[in-house]
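Chemist: Got a structure for you, structure.txt, holding compact mmCIF, N, CA and C atoms.
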```
# COMPACT_ATOMS: atom_id res chain seq x y z
N MET A 1079 -10.45 -13.88 -30.92
CA MET A 1079 -10.03 -13.34 -29.64
C MET A 1079 -8.64 -13.90 -29.30
N VAL A 1080 -7.77 -13.05 -28.78
CA VAL A 1080 -6.41 -13.43 -28.41
C VAL A 1080 -6.43 -14.12 -27.05
N SER A 1081 -5.75 -15.27 -26.96
CA SER A 1081 -5.71 -15.98 -25.67
C SER A 1081 -4.84 -15.22 -24.68
N LYS A 1082 -5.08 -15.49 -23.39
CA LYS A 1082 -4.29 -14.83 -22.35
C LYS A 1082 -2.81 -15.19 -22.47
N GLY A 1083 -2.53 -16.44 -22.82
CA GLY A 1083 -1.13 -16.87 -22.98
C GLY A 1083 -0.42 -16.11 -24.08
N LYS A 1084 -1.10 -15.95 -25.23
CA LYS A 1084 -0.50 -15.22 -26.34
C LYS A 1084 -0.32 -13.75 -25.97
N ALA A 1085 -1.31 -13.18 -25.30
CA ALA A 1085 -1.21 -11.77 -24.89
C ALA A 1085 -0.03 -11.57 -23.94
N ALA A 1086 0.17 -12.52 -23.01
CA ALA A 1086 1.29 -12.42 -22.07
C ALA A 1086 2.62 -12.54 -22.80
N ARG A 1087 2.70 -13.46 -23.77
CA ARG A 1087 3.95 -13.60 -24.56
C ARG A 1087 4.23 -12.33 -25.35
N ASP A 1088 3.18 -11.78 -25.98
CA ASP A 1088 3.34 -10.54 -26.76
C ASP A 1088 3.80 -9.40 -25.86
N LYS A 1089 3.25 -9.32 -24.66
CA LYS A 1089 3.64 -8.29 -23.69
C LYS A 1089 5.11 -8.45 -23.33
N GLY A 1090 5.54 -9.70 -23.08
CA GLY A 1090 6.94 -9.97 -22.75
C GLY A 1090 7.87 -9.64 -23.90
N HIS A 1091 7.49 -10.01 -25.13
CA HIS A 1091 8.34 -9.72 -26.29
C HIS A 1091 8.45 -8.22 -26.53
N SER A 1092 7.33 -7.52 -26.34
CA SER A 1092 7.35 -6.06 -26.49
C SER A 1092 8.29 -5.43 -25.46
N PHE A 1093 8.24 -5.92 -24.23
CA PHE A 1093 9.12 -5.42 -23.17
C PHE A 1093 10.58 -5.70 -23.52
N GLU A 1094 10.88 -6.89 -24.04
CA GLU A 1094 12.26 -7.23 -24.44
C GLU A 1094 12.75 -6.28 -25.53
N ARG A 1095 11.90 -5.99 -26.52
CA ARG A 1095 12.29 -5.06 -27.59
C ARG A 1095 12.55 -3.66 -27.01
N ARG A 1096 11.71 -3.23 -26.07
CA ARG A 1096 11.88 -1.90 -25.46
C ARG A 1096 13.21 -1.82 -24.72
N ILE A 1097 13.52 -2.83 -23.91
CA ILE A 1097 14.75 -2.80 -23.13
C ILE A 1097 15.96 -2.85 -24.06
N ALA A 1098 15.90 -3.68 -25.10
CA ALA A 1098 17.00 -3.74 -26.06
C ALA A 1098 17.21 -2.36 -26.69
N ARG A 1099 16.13 -1.70 -27.06
CA ARG A 1099 16.21 -0.35 -27.65
C ARG A 1099 16.78 0.64 -26.63
N ASP A 1100 16.35 0.56 -25.37
CA ASP A 1100 16.85 1.46 -24.33
C ASP A 1100 18.36 1.30 -24.13
N PHE A 1101 18.86 0.04 -24.26
CA PHE A 1101 20.28 -0.23 -24.01
C PHE A 1101 21.19 0.09 -25.19
N ARG A 1102 20.64 0.36 -26.36
CA ARG A 1102 21.50 0.58 -27.54
C ARG A 1102 22.48 1.74 -27.41
N PRO A 1103 22.18 2.81 -26.68
CA PRO A 1103 23.22 3.83 -26.51
C PRO A 1103 24.44 3.30 -25.74
N ILE A 1104 24.24 2.29 -24.89
CA ILE A 1104 25.32 1.70 -24.12
C ILE A 1104 25.94 0.53 -24.87
N PHE A 1105 25.08 -0.33 -25.43
CA PHE A 1105 25.50 -1.51 -26.19
C PHE A 1105 24.90 -1.39 -27.60
N PRO A 1106 25.61 -0.74 -28.54
CA PRO A 1106 25.03 -0.45 -29.86
C PRO A 1106 24.51 -1.67 -30.63
N GLU A 1107 25.05 -2.85 -30.37
CA GLU A 1107 24.62 -4.05 -31.09
C GLU A 1107 23.60 -4.87 -30.30
N CYS A 1108 23.07 -4.33 -29.22
CA CYS A 1108 22.13 -5.06 -28.37
C CYS A 1108 20.87 -5.46 -29.14
N ILE A 1109 20.54 -6.75 -29.06
CA ILE A 1109 19.31 -7.25 -29.65
C ILE A 1109 18.68 -8.25 -28.69
N ARG A 1110 17.40 -8.48 -28.84
CA ARG A 1110 16.75 -9.51 -28.01
C ARG A 1110 17.00 -10.87 -28.64
N GLN A 1111 17.10 -11.87 -27.78
CA GLN A 1111 17.25 -13.24 -28.27
C GLN A 1111 15.90 -13.67 -28.84
N LEU A 1112 15.94 -14.44 -29.89
CA LEU A 1112 14.70 -14.94 -30.48
C LEU A 1112 14.15 -16.09 -29.63
N GLU A 1113 12.86 -16.37 -29.82
CA GLU A 1113 12.20 -17.38 -29.00
C GLU A 1113 12.91 -18.73 -29.04
N TYR A 1114 13.39 -19.13 -30.21
CA TYR A 1114 14.02 -20.45 -30.32
C TYR A 1114 15.40 -20.48 -29.67
N GLN A 1115 15.91 -19.33 -29.25
CA GLN A 1115 17.18 -19.27 -28.53
C GLN A 1115 16.95 -19.16 -27.02
N ALA A 1116 15.70 -19.29 -26.60
CA ALA A 1116 15.34 -19.07 -25.20
C ALA A 1116 16.08 -20.00 -24.24
N GLY A 1117 16.51 -21.15 -24.70
CA GLY A 1117 17.21 -22.09 -23.84
C GLY A 1117 18.53 -21.57 -23.31
N LEU A 1118 18.99 -20.44 -23.82
CA LEU A 1118 20.25 -19.85 -23.37
C LEU A 1118 20.13 -19.26 -21.97
N GLY A 1119 18.92 -18.96 -21.53
CA GLY A 1119 18.72 -18.38 -20.20
C GLY A 1119 18.91 -16.88 -20.15
N ILE A 1120 19.16 -16.26 -21.31
CA ILE A 1120 19.30 -14.80 -21.35
C ILE A 1120 18.40 -14.27 -22.46
N ASP A 1121 17.96 -13.03 -22.29
CA ASP A 1121 17.01 -12.44 -23.24
C ASP A 1121 17.63 -11.42 -24.17
N LEU A 1122 18.85 -10.95 -23.89
CA LEU A 1122 19.50 -9.97 -24.74
C LEU A 1122 20.87 -10.48 -25.16
N ALA A 1123 21.27 -10.15 -26.37
CA ALA A 1123 22.60 -10.51 -26.87
C ALA A 1123 23.40 -9.24 -27.11
N ASN A 1124 24.72 -9.40 -27.16
CA ASN A 1124 25.64 -8.29 -27.46
C ASN A 1124 25.61 -7.21 -26.37
N THR A 1125 25.72 -7.66 -25.12
CA THR A 1125 25.67 -6.74 -23.98
C THR A 1125 26.95 -6.85 -23.13
N ASP A 1126 28.07 -6.97 -23.79
CA ASP A 1126 29.37 -7.07 -23.13
C ASP A 1126 29.35 -8.18 -22.07
N GLU A 1127 29.75 -7.86 -20.84
CA GLU A 1127 29.86 -8.90 -19.81
C GLU A 1127 28.56 -9.14 -19.03
N TYR A 1128 27.46 -8.55 -19.47
CA TYR A 1128 26.19 -8.65 -18.76
C TYR A 1128 25.26 -9.67 -19.41
N ASP A 1129 24.63 -10.49 -18.57
CA ASP A 1129 23.61 -11.44 -19.01
C ASP A 1129 22.29 -11.00 -18.39
N PHE A 1130 21.31 -10.68 -19.25
CA PHE A 1130 20.04 -10.15 -18.79
C PHE A 1130 18.91 -11.15 -18.94
N GLN A 1131 18.10 -11.27 -17.91
CA GLN A 1131 16.83 -12.00 -17.94
C GLN A 1131 15.76 -10.93 -17.75
N LEU A 1132 14.79 -10.86 -18.65
CA LEU A 1132 13.76 -9.82 -18.62
C LEU A 1132 12.40 -10.46 -18.35
N LYS A 1133 11.65 -9.85 -17.45
CA LYS A 1133 10.31 -10.33 -17.12
C LYS A 1133 9.35 -9.16 -17.03
N CYS A 1134 8.21 -9.29 -17.68
CA CYS A 1134 7.15 -8.28 -17.62
C CYS A 1134 5.86 -9.01 -17.31
N LYS A 1135 5.37 -8.82 -16.09
CA LYS A 1135 4.21 -9.58 -15.63
C LYS A 1135 3.28 -8.67 -14.83
N LYS A 1136 2.17 -9.26 -14.41
CA LYS A 1136 1.23 -8.52 -13.57
C LYS A 1136 1.90 -8.10 -12.26
N LYS A 1137 2.71 -8.99 -11.70
CA LYS A 1137 3.48 -8.71 -10.49
C LYS A 1137 4.96 -8.91 -10.80
N HIS A 1138 5.84 -8.23 -10.06
CA HIS A 1138 7.28 -8.38 -10.28
C HIS A 1138 7.70 -9.84 -10.18
N ALA A 1139 8.68 -10.20 -10.96
CA ALA A 1139 9.23 -11.55 -10.90
C ALA A 1139 9.93 -11.76 -9.56
N SER A 1140 9.94 -12.99 -9.10
CA SER A 1140 10.64 -13.33 -7.87
C SER A 1140 12.13 -13.03 -8.04
N ILE A 1141 12.78 -12.61 -6.96
CA ILE A 1141 14.23 -12.38 -7.00
C ILE A 1141 14.95 -13.64 -7.44
N ASN A 1142 14.44 -14.80 -7.08
CA ASN A 1142 15.08 -16.06 -7.44
C ASN A 1142 15.08 -16.32 -8.96
N THR A 1143 14.32 -15.55 -9.71
CA THR A 1143 14.30 -15.70 -11.17
C THR A 1143 15.69 -15.46 -11.75
N ILE A 1144 16.53 -14.71 -11.03
CA ILE A 1144 17.89 -14.47 -11.51
C ILE A 1144 18.64 -15.79 -11.68
N ASN A 1145 18.21 -16.82 -10.95
CA ASN A 1145 18.86 -18.12 -11.05
C ASN A 1145 18.59 -18.83 -12.37
N GLU A 1146 17.68 -18.30 -13.19
CA GLU A 1146 17.45 -18.85 -14.53
C GLU A 1146 18.61 -18.51 -15.46
N ILE A 1147 19.40 -17.52 -15.07
CA ILE A 1147 20.56 -17.12 -15.87
C ILE A 1147 21.73 -18.00 -15.46
N PRO A 1148 22.33 -18.71 -16.42
CA PRO A 1148 23.47 -19.57 -16.05
C PRO A 1148 24.62 -18.76 -15.47
N ILE A 1149 25.27 -19.31 -14.46
CA ILE A 1149 26.45 -18.66 -13.86
C ILE A 1149 27.64 -18.95 -14.76
N LYS A 1150 28.30 -17.88 -15.19
CA LYS A 1150 29.49 -18.00 -16.04
C LYS A 1150 30.57 -17.10 -15.47
N PRO A 1151 31.83 -17.54 -15.53
CA PRO A 1151 32.92 -16.70 -15.02
C PRO A 1151 32.96 -15.36 -15.76
N ASP A 1152 33.27 -14.32 -15.02
CA ASP A 1152 33.43 -12.97 -15.58
C ASP A 1152 32.18 -12.43 -16.27
N ARG A 1153 31.00 -12.92 -15.87
CA ARG A 1153 29.73 -12.42 -16.40
C ARG A 1153 28.90 -11.90 -15.24
N VAL A 1154 28.15 -10.85 -15.47
CA VAL A 1154 27.28 -10.25 -14.46
C VAL A 1154 25.83 -10.60 -14.82
N ARG A 1155 25.16 -11.28 -13.90
CA ARG A 1155 23.76 -11.65 -14.12
C ARG A 1155 22.85 -10.53 -13.61
N VAL A 1156 21.88 -10.14 -14.46
CA VAL A 1156 20.96 -9.06 -14.09
C VAL A 1156 19.54 -9.49 -14.46
N LEU A 1157 18.64 -9.40 -13.50
CA LEU A 1157 17.22 -9.62 -13.74
C LEU A 1157 16.55 -8.26 -13.83
N ILE A 1158 15.83 -8.01 -14.91
CA ILE A 1158 15.07 -6.78 -15.05
C ILE A 1158 13.60 -7.17 -15.06
N SER A 1159 12.83 -6.59 -14.14
CA SER A 1159 11.44 -6.98 -13.95
C SER A 1159 10.53 -5.76 -14.04
N LYS A 1160 9.40 -5.93 -14.72
CA LYS A 1160 8.40 -4.87 -14.85
C LYS A 1160 7.06 -5.40 -14.37
N GLU A 1161 6.50 -4.72 -13.38
CA GLU A 1161 5.15 -5.02 -12.89
C GLU A 1161 4.20 -4.00 -13.51
N ASP A 1162 2.98 -4.43 -13.80
CA ASP A 1162 1.99 -3.51 -14.37
C ASP A 1162 1.89 -2.22 -13.55
N ARG A 1163 1.94 -1.11 -14.26
CA ARG A 1163 1.79 0.23 -13.67
C ARG A 1163 2.79 0.54 -12.56
N GLN A 1164 3.97 -0.09 -12.63
CA GLN A 1164 5.02 0.15 -11.65
C GLN A 1164 6.34 0.40 -12.39
N PRO A 1165 7.32 1.02 -11.75
CA PRO A 1165 8.60 1.25 -12.42
C PRO A 1165 9.35 -0.06 -12.66
N ILE A 1166 10.22 -0.03 -13.62
CA ILE A 1166 11.08 -1.18 -13.93
C ILE A 1166 12.12 -1.30 -12.82
N MET A 1167 12.34 -2.53 -12.38
CA MET A 1167 13.31 -2.80 -11.30
C MET A 1167 14.38 -3.75 -11.82
N ALA A 1168 15.55 -3.69 -11.19
CA ALA A 1168 16.65 -4.59 -11.55
C ALA A 1168 17.16 -5.30 -10.30
N VAL A 1169 17.53 -6.56 -10.48
CA VAL A 1169 18.12 -7.35 -9.40
C VAL A 1169 19.51 -7.77 -9.87
N ILE A 1170 20.49 -7.55 -9.00
CA ILE A 1170 21.87 -7.88 -9.32
C ILE A 1170 22.54 -8.36 -8.03
N ALA A 1171 23.47 -9.28 -8.16
CA ALA A 1171 24.18 -9.77 -6.98
C ALA A 1171 24.93 -8.60 -6.32
N TYR A 1172 24.97 -8.61 -4.99
CA TYR A 1172 25.62 -7.54 -4.24
C TYR A 1172 27.08 -7.35 -4.66
N ASP A 1173 27.83 -8.44 -4.80
CA ASP A 1173 29.25 -8.33 -5.17
C ASP A 1173 29.42 -7.64 -6.52
N ASP A 1174 28.54 -7.96 -7.48
CA ASP A 1174 28.61 -7.32 -8.79
C ASP A 1174 28.26 -5.84 -8.69
N LEU A 1175 27.24 -5.51 -7.89
CA LEU A 1175 26.88 -4.11 -7.68
C LEU A 1175 28.03 -3.34 -7.05
N PHE A 1176 28.65 -3.95 -6.05
CA PHE A 1176 29.77 -3.31 -5.36
C PHE A 1176 30.91 -3.02 -6.34
N LYS A 1177 31.26 -3.99 -7.19
CA LYS A 1177 32.32 -3.79 -8.18
C LYS A 1177 31.97 -2.65 -9.13
N MET A 1178 30.72 -2.64 -9.60
CA MET A 1178 30.30 -1.59 -10.53
C MET A 1178 30.37 -0.21 -9.89
N MET A 1179 29.93 -0.11 -8.64
CA MET A 1179 29.96 1.18 -7.95
C MET A 1179 31.40 1.64 -7.69
N ALA A 1180 32.28 0.71 -7.34
CA ALA A 1180 33.68 1.06 -7.11
C ALA A 1180 34.32 1.55 -8.40
N GLU A 1181 34.06 0.85 -9.50
CA GLU A 1181 34.61 1.28 -10.79
C GLU A 1181 34.10 2.65 -11.17
N LEU A 1182 32.81 2.89 -10.98
CA LEU A 1182 32.22 4.19 -11.31
C LEU A 1182 32.82 5.30 -10.45
N LYS A 1183 33.04 5.03 -9.18
CA LYS A 1183 33.63 6.03 -8.29
C LYS A 1183 35.01 6.45 -8.81
N PHE A 1184 35.82 5.48 -9.17
CA PHE A 1184 37.15 5.80 -9.67
C PHE A 1184 37.09 6.53 -11.01
N LEU A 1185 36.18 6.15 -11.87
CA LEU A 1185 36.05 6.83 -13.16
C LEU A 1185 35.61 8.29 -12.96
N ARG A 1186 34.72 8.50 -12.02
CA ARG A 1186 34.25 9.87 -11.75
C ARG A 1186 35.37 10.74 -11.18
N GLN A 1187 36.30 10.12 -10.48
CA GLN A 1187 37.43 10.87 -9.94
C GLN A 1187 38.50 11.11 -11.02
N LYS A 1188 38.23 10.65 -12.23
CA LYS A 1188 39.12 10.81 -13.38
C LYS A 1188 40.48 10.18 -13.15
N GLU A 1189 40.49 9.14 -12.35
CA GLU A 1189 41.72 8.36 -12.17
C GLU A 1189 41.70 7.24 -13.19
N LEU A 1190 42.79 6.55 -13.30
CA LEU A 1190 42.83 5.40 -14.19
C LEU A 1190 41.83 4.37 -13.70
N PRO A 1191 41.18 3.63 -14.63
CA PRO A 1191 40.25 2.60 -14.17
C PRO A 1191 40.95 1.62 -13.24
N MET A 1192 40.24 1.21 -12.24
CA MET A 1192 40.83 0.32 -11.26
C MET A 1192 41.05 -1.07 -11.84
N THR A 1193 42.03 -1.75 -11.32
CA THR A 1193 42.32 -3.11 -11.76
C THR A 1193 41.47 -4.09 -10.96
N LEU A 1194 41.42 -5.33 -11.42
CA LEU A 1194 40.69 -6.36 -10.68
C LEU A 1194 41.29 -6.53 -9.29
N LYS A 1195 42.61 -6.35 -9.18
CA LYS A 1195 43.26 -6.45 -7.87
C LYS A 1195 42.73 -5.36 -6.93
N ASP A 1196 42.55 -4.14 -7.46
CA ASP A 1196 41.99 -3.06 -6.65
C ASP A 1196 40.57 -3.38 -6.20
N VAL A 1197 39.77 -3.94 -7.11
CA VAL A 1197 38.39 -4.31 -6.79
C VAL A 1197 38.39 -5.38 -5.71
N ASP A 1198 39.24 -6.40 -5.86
CA ASP A 1198 39.32 -7.47 -4.86
C ASP A 1198 39.71 -6.92 -3.49
N LYS A 1199 40.62 -5.94 -3.48
CA LYS A 1199 41.04 -5.32 -2.22
C LYS A 1199 39.85 -4.62 -1.56
N LEU A 1200 39.06 -3.89 -2.35
CA LEU A 1200 37.89 -3.21 -1.80
C LEU A 1200 36.85 -4.22 -1.27
N ILE A 1201 36.67 -5.32 -1.99
CA ILE A 1201 35.72 -6.34 -1.54
C ILE A 1201 36.18 -6.95 -0.23
N THR A 1202 37.48 -7.21 -0.11
CA THR A 1202 38.03 -7.76 1.13
C THR A 1202 37.81 -6.79 2.28
N GLN A 1203 38.05 -5.50 2.02
CA GLN A 1203 37.83 -4.49 3.07
C GLN A 1203 36.35 -4.43 3.46
N ALA A 1204 35.46 -4.51 2.48
CA ALA A 1204 34.02 -4.46 2.77
C ALA A 1204 33.59 -5.69 3.56
N ALA A 1205 34.16 -6.85 3.23
CA ALA A 1205 33.83 -8.08 3.94
C ALA A 1205 34.23 -7.98 5.41
N ARG A 1206 35.38 -7.36 5.66
CA ARG A 1206 35.82 -7.19 7.05
C ARG A 1206 34.86 -6.29 7.82
N LEU A 1207 34.36 -5.26 7.15
CA LEU A 1207 33.41 -4.35 7.80
C LEU A 1207 32.09 -5.05 8.10
N LYS A 1208 31.64 -5.92 7.18
CA LYS A 1208 30.38 -6.65 7.38
C LYS A 1208 30.52 -7.68 8.48
N GLY A 1209 31.69 -8.36 8.55
CA GLY A 1209 31.87 -9.49 9.45
C GLY A 1209 32.24 -9.06 10.80
```
Could you express the structure from this file as structure tokens?

Modeler:
Amino acid sequence: MVSKGKAARDKGHSFERRIARDFRPIFPECIRQLEYQAGLGIDLANTDEYDFQLKCKKKHASINTINEIPIKPDRVRVLISKEDRQPIMAVIAYDDLFKMMAELKFLRQKELPMTLKDVDKLITQAARLKG
């Protein structure tokens, strides 16, 4: 008989393989980190500037689980969580989401991709609106 711990690990590893496979059209070299590399705090490799932590449990992972991903300059931390019989959810810092949405808006308008200076200007404007 398979122990509950092993079954949970197998479920998590299967989820990691699925997400890596789902991301390959975006990141062709995307692979899951092996168990002995787990100390890195990320579950997928070769994902450009994104660091992913993946959790598949009976209940969604706590939002604070994103803090298991080390903070690195110019990297976007993303927690992807799957609860049994529920849709997959993602947690991302608001500033990173805002930058991604601003870049996408400009790309959809077929303008040149915005510079970091343009993104910083939009963030400053948004901060003024919030404050």

Chemist: If you measure from atom N of A:Ile1166 to atom N of A:Ile1149, what distance in Å do you get, rounded to one decimal?

Modeler: 24.5 Å

Chemist: Have a look at atom CA of A:Lys1089 and atom CA of A:Ile1104 and let me know their distance in Å, one decimal.

Modeler: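 Straight-line distance from atom CA of A:Lys1089 to atom CA of A:Ile1104 works out to 23.9 Å.
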
Chemist: From (33.3, -13.1, -15.5), in the file's coordinates, out to 12 Å: which residues are reached, counting only C-alpha atoms? Answer as a ChimeraX atom specification.

Modeler: /A:1126-1129,1148-1155,1174,1177,1194

Chemist: Quote the spacing between atom CA of A:Leu1200 and atom CA of A:Tyr1172 in Å to one decimal place.

Modeler: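 Computing the Euclidean distance for atom CA of A:Leu1200 and atom CA of A:Tyr1172 yields 13.2 Å.
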
Chemist: Could you give me, as a PDB file with N, CA and C atoms, in the coordinates of the input, each residue of stretch 1079-1185 of chain A that DSSP assigns to strand (DSSP E or B) when run on this structure's backbone?

Modeler:
```
ATOM      1  N   ILE A1109      20.540  -6.750 -29.060  1.00  0.00           N
ATOM      2  CA  ILE A1109      19.310  -7.250 -29.650  1.00  0.00           C
ATOM      3  C   ILE A1109      18.680  -8.250 -28.690  1.00  0.00           C
ATOM      4  N   ARG A1110      17.400  -8.480 -28.840  1.00  0.00           N
ATOM      5  CA  ARG A1110      16.750  -9.510 -28.010  1.00  0.00           C
ATOM      6  C   ARG A1110      17.000 -10.870 -28.640  1.00  0.00           C
ATOM      7  N   LEU A1122      18.850 -10.950 -23.890  1.00  0.00           N
ATOM      8  CA  LEU A1122      19.500  -9.970 -24.740  1.00  0.00           C
ATOM      9  C   LEU A1122      20.870 -10.480 -25.160  1.00  0.00           C
ATOM     10  N   ALA A1123      21.270 -10.150 -26.370  1.00  0.00           N
ATOM     11  CA  ALA A1123      22.600 -10.510 -26.870  1.00  0.00           C
ATOM     12  C   ALA A1123      23.400  -9.240 -27.110  1.00  0.00           C
ATOM     13  N   TYR A1128      27.460  -8.550 -19.470  1.00  0.00           N
ATOM     14  CA  TYR A1128      26.190  -8.650 -18.760  1.00  0.00           C
ATOM     15  C   TYR A1128      25.260  -9.670 -19.410  1.00  0.00           C
ATOM     16  N   ASP A1129      24.630 -10.490 -18.570  1.00  0.00           N
ATOM     17  CA  ASP A1129      23.610 -11.440 -19.010  1.00  0.00           C
ATOM     18  C   ASP A1129      22.290 -11.000 -18.390  1.00  0.00           C
ATOM     19  N   PHE A1130      21.310 -10.680 -19.250  1.00  0.00           N
ATOM     20  CA  PHE A1130      20.040 -10.150 -18.790  1.00  0.00           C
ATOM     21  C   PHE A1130      18.910 -11.150 -18.940  1.00  0.00           C
ATOM     22  N   GLN A1131      18.100 -11.270 -17.910  1.00  0.00           N
ATOM     23  CA  GLN A1131      16.830 -12.000 -17.940  1.00  0.00           C
ATOM     24  C   GLN A1131      15.760 -10.930 -17.750  1.00  0.00           C
ATOM     25  N   LEU A1132      14.790 -10.860 -18.650  1.00  0.00           N
ATOM     26  CA  LEU A1132      13.760  -9.820 -18.620  1.00  0.00           C
ATOM     27  C   LEU A1132      12.400 -10.460 -18.350  1.00  0.00           C
ATOM     28  N   LYS A1133      11.650  -9.850 -17.450  1.00  0.00           N
ATOM     29  CA  LYS A1133      10.310 -10.330 -17.120  1.00  0.00           C
ATOM     30  C   LYS A1133       9.350  -9.160 -17.030  1.00  0.00           C
ATOM     31  N   CYS A1134       8.210  -9.290 -17.680  1.00  0.00           N
ATOM     32  CA  CYS A1134       7.150  -8.280 -17.620  1.00  0.00           C
ATOM     33  C   CYS A1134       5.860  -9.010 -17.310  1.00  0.00           C
ATOM     34  N   LYS A1135       5.370  -8.820 -16.090  1.00  0.00           N
ATOM     35  CA  LYS A1135       4.210  -9.580 -15.630  1.00  0.00           C
ATOM     36  C   LYS A1135       3.280  -8.670 -14.830  1.00  0.00           C
ATOM     37  N   VAL A1154      28.150 -10.850 -15.470  1.00  0.00           N
ATOM     38  CA  VAL A1154      27.280 -10.250 -14.460  1.00  0.00           C
ATOM     39  C   VAL A1154      25.830 -10.600 -14.820  1.00  0.00           C
ATOM     40  N   ARG A1155      25.160 -11.280 -13.900  1.00  0.00           N
ATOM     41  CA  ARG A1155      23.760 -11.650 -14.120  1.00  0.00           C
ATOM     42  C   ARG A1155      22.850 -10.530 -13.610  1.00  0.00           C
ATOM     43  N   VAL A1156      21.880 -10.140 -14.460  1.00  0.00           N
ATOM     44  CA  VAL A1156      20.960  -9.060 -14.090  1.00  0.00           C
ATOM     45  C   VAL A1156      19.540  -9.490 -14.460  1.00  0.00           C
ATOM     46  N   LEU A1157      18.640  -9.400 -13.500  1.00  0.00           N
ATOM     47  CA  LEU A1157      17.220  -9.620 -13.740  1.00  0.00           C
ATOM     48  C   LEU A1157      16.550  -8.260 -13.830  1.00  0.00           C
ATOM     49  N   ILE A1158      15.830  -8.010 -14.910  1.00  0.00           N
ATOM     50  CA  ILE A1158      15.070  -6.780 -15.050  1.00  0.00           C
ATOM     51  C   ILE A1158      13.600  -7.170 -15.060  1.00  0.00           C
ATOM     52  N   SER A1159      12.830  -6.590 -14.140  1.00  0.00           N
ATOM     53  CA  SER A1159      11.440  -6.980 -13.950  1.00  0.00           C
ATOM     54  C   SER A1159      10.530  -5.760 -14.040  1.00  0.00           C
ATOM     55  N   LYS A1160       9.400  -5.930 -14.720  1.00  0.00           N
ATOM     56  CA  LYS A1160       8.400  -4.870 -14.850  1.00  0.00           C
ATOM     57  C   LYS A1160       7.060  -5.400 -14.370  1.00  0.00           C
ATOM     58  N   GLU A1161       6.500  -4.720 -13.380  1.00  0.00           N
ATOM     59  CA  GLU A1161       5.150  -5.020 -12.890  1.00  0.00           C
ATOM     60  C   GLU A1161       4.200  -4.000 -13.510  1.00  0.00           C
ATOM     61  N   ILE A1166      10.220  -0.030 -13.620  1.00  0.00           N
ATOM     62  CA  ILE A1166      11.080  -1.180 -13.930  1.00  0.00           C
ATOM     63  C   ILE A1166      12.120  -1.300 -12.820  1.00  0.00           C
ATOM     64  N   MET A1167      12.340  -2.530 -12.380  1.00  0.00           N
ATOM     65  CA  MET A1167      13.310  -2.800 -11.300  1.00  0.00           C
ATOM     66  C   MET A1167      14.380  -3.750 -11.820  1.00  0.00           C
ATOM     67  N   ALA A1168      15.550  -3.690 -11.190  1.00  0.00           N
ATOM     68  CA  ALA A1168      16.650  -4.590 -11.550  1.00  0.00           C
ATOM     69  C   ALA A1168      17.160  -5.300 -10.300  1.00  0.00           C
ATOM     70  N   VAL A1169      17.530  -6.560 -10.480  1.00  0.00           N
ATOM     71  CA  VAL A1169      18.120  -7.350  -9.400  1.00  0.00           C
ATOM     72  C   VAL A1169      19.510  -7.770  -9.870  1.00  0.00           C
ATOM     73  N   ILE A1170      20.490  -7.550  -9.000  1.00  0.00           N
ATOM     74  CA  ILE A1170      21.870  -7.880  -9.320  1.00  0.00           C
ATOM     75  C   ILE A1170      22.540  -8.360  -8.030  1.00  0.00           C
TER      76      ILE A1170
END
```

Chemist: Would you kindly return, as a list in words, each protein, DNA or RNA residue with an atom no farther than 8 Å from any atom of A:Ile1109, considering only N, CA and C atoms and excluding same-chain residues fewer than 3 positions away?

Modeler: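 The residues satisfying every condition are Glu1094, Arg1095, Ile1097, Ala1098, Arg1099, Phe1101, Arg1102, Phe1105, Pro1106, Leu1112, Asp1121, Leu1122, Ala1123, Asn1124 and Thr1125 of chain A.
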
Chemist: With all atoms listed in the file as the atoms that count, which of A:Ile1158, A:Val1169, A:Ile1144, A:Met1179 lies nearest to A:Leu1132?

Modeler: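 Of all the options, A:Ile1158 lies closest to A:Leu1132.
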
Chemist: Nearest to A:Cys1134: which of A:Asp1088, A:Asp1196, A:Glu1107, A:Glu1161 is it, counting only N, CA and C atoms?

Modeler: A:Glu1161

Chemist: Given the point (3.2, -1.7, -8.3) in the file's coordinates, find the residues that have an atom at most 10 Å from it, counting only C-alpha atoms, and give them as a list in words.

Modeler: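 Here the neighbourhood of the point contains Lys1136, Lys1137, His1138, Lys1160, Glu1161, Asp1162, Arg1163, Gln1164, Pro1165 and Ile1166 of chain A.
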
Chemist: Name the residues of chain A that come out as alpha helix (DSSP H) in a backbone DSSP run; write them as a count of residues only.

Modeler: 50
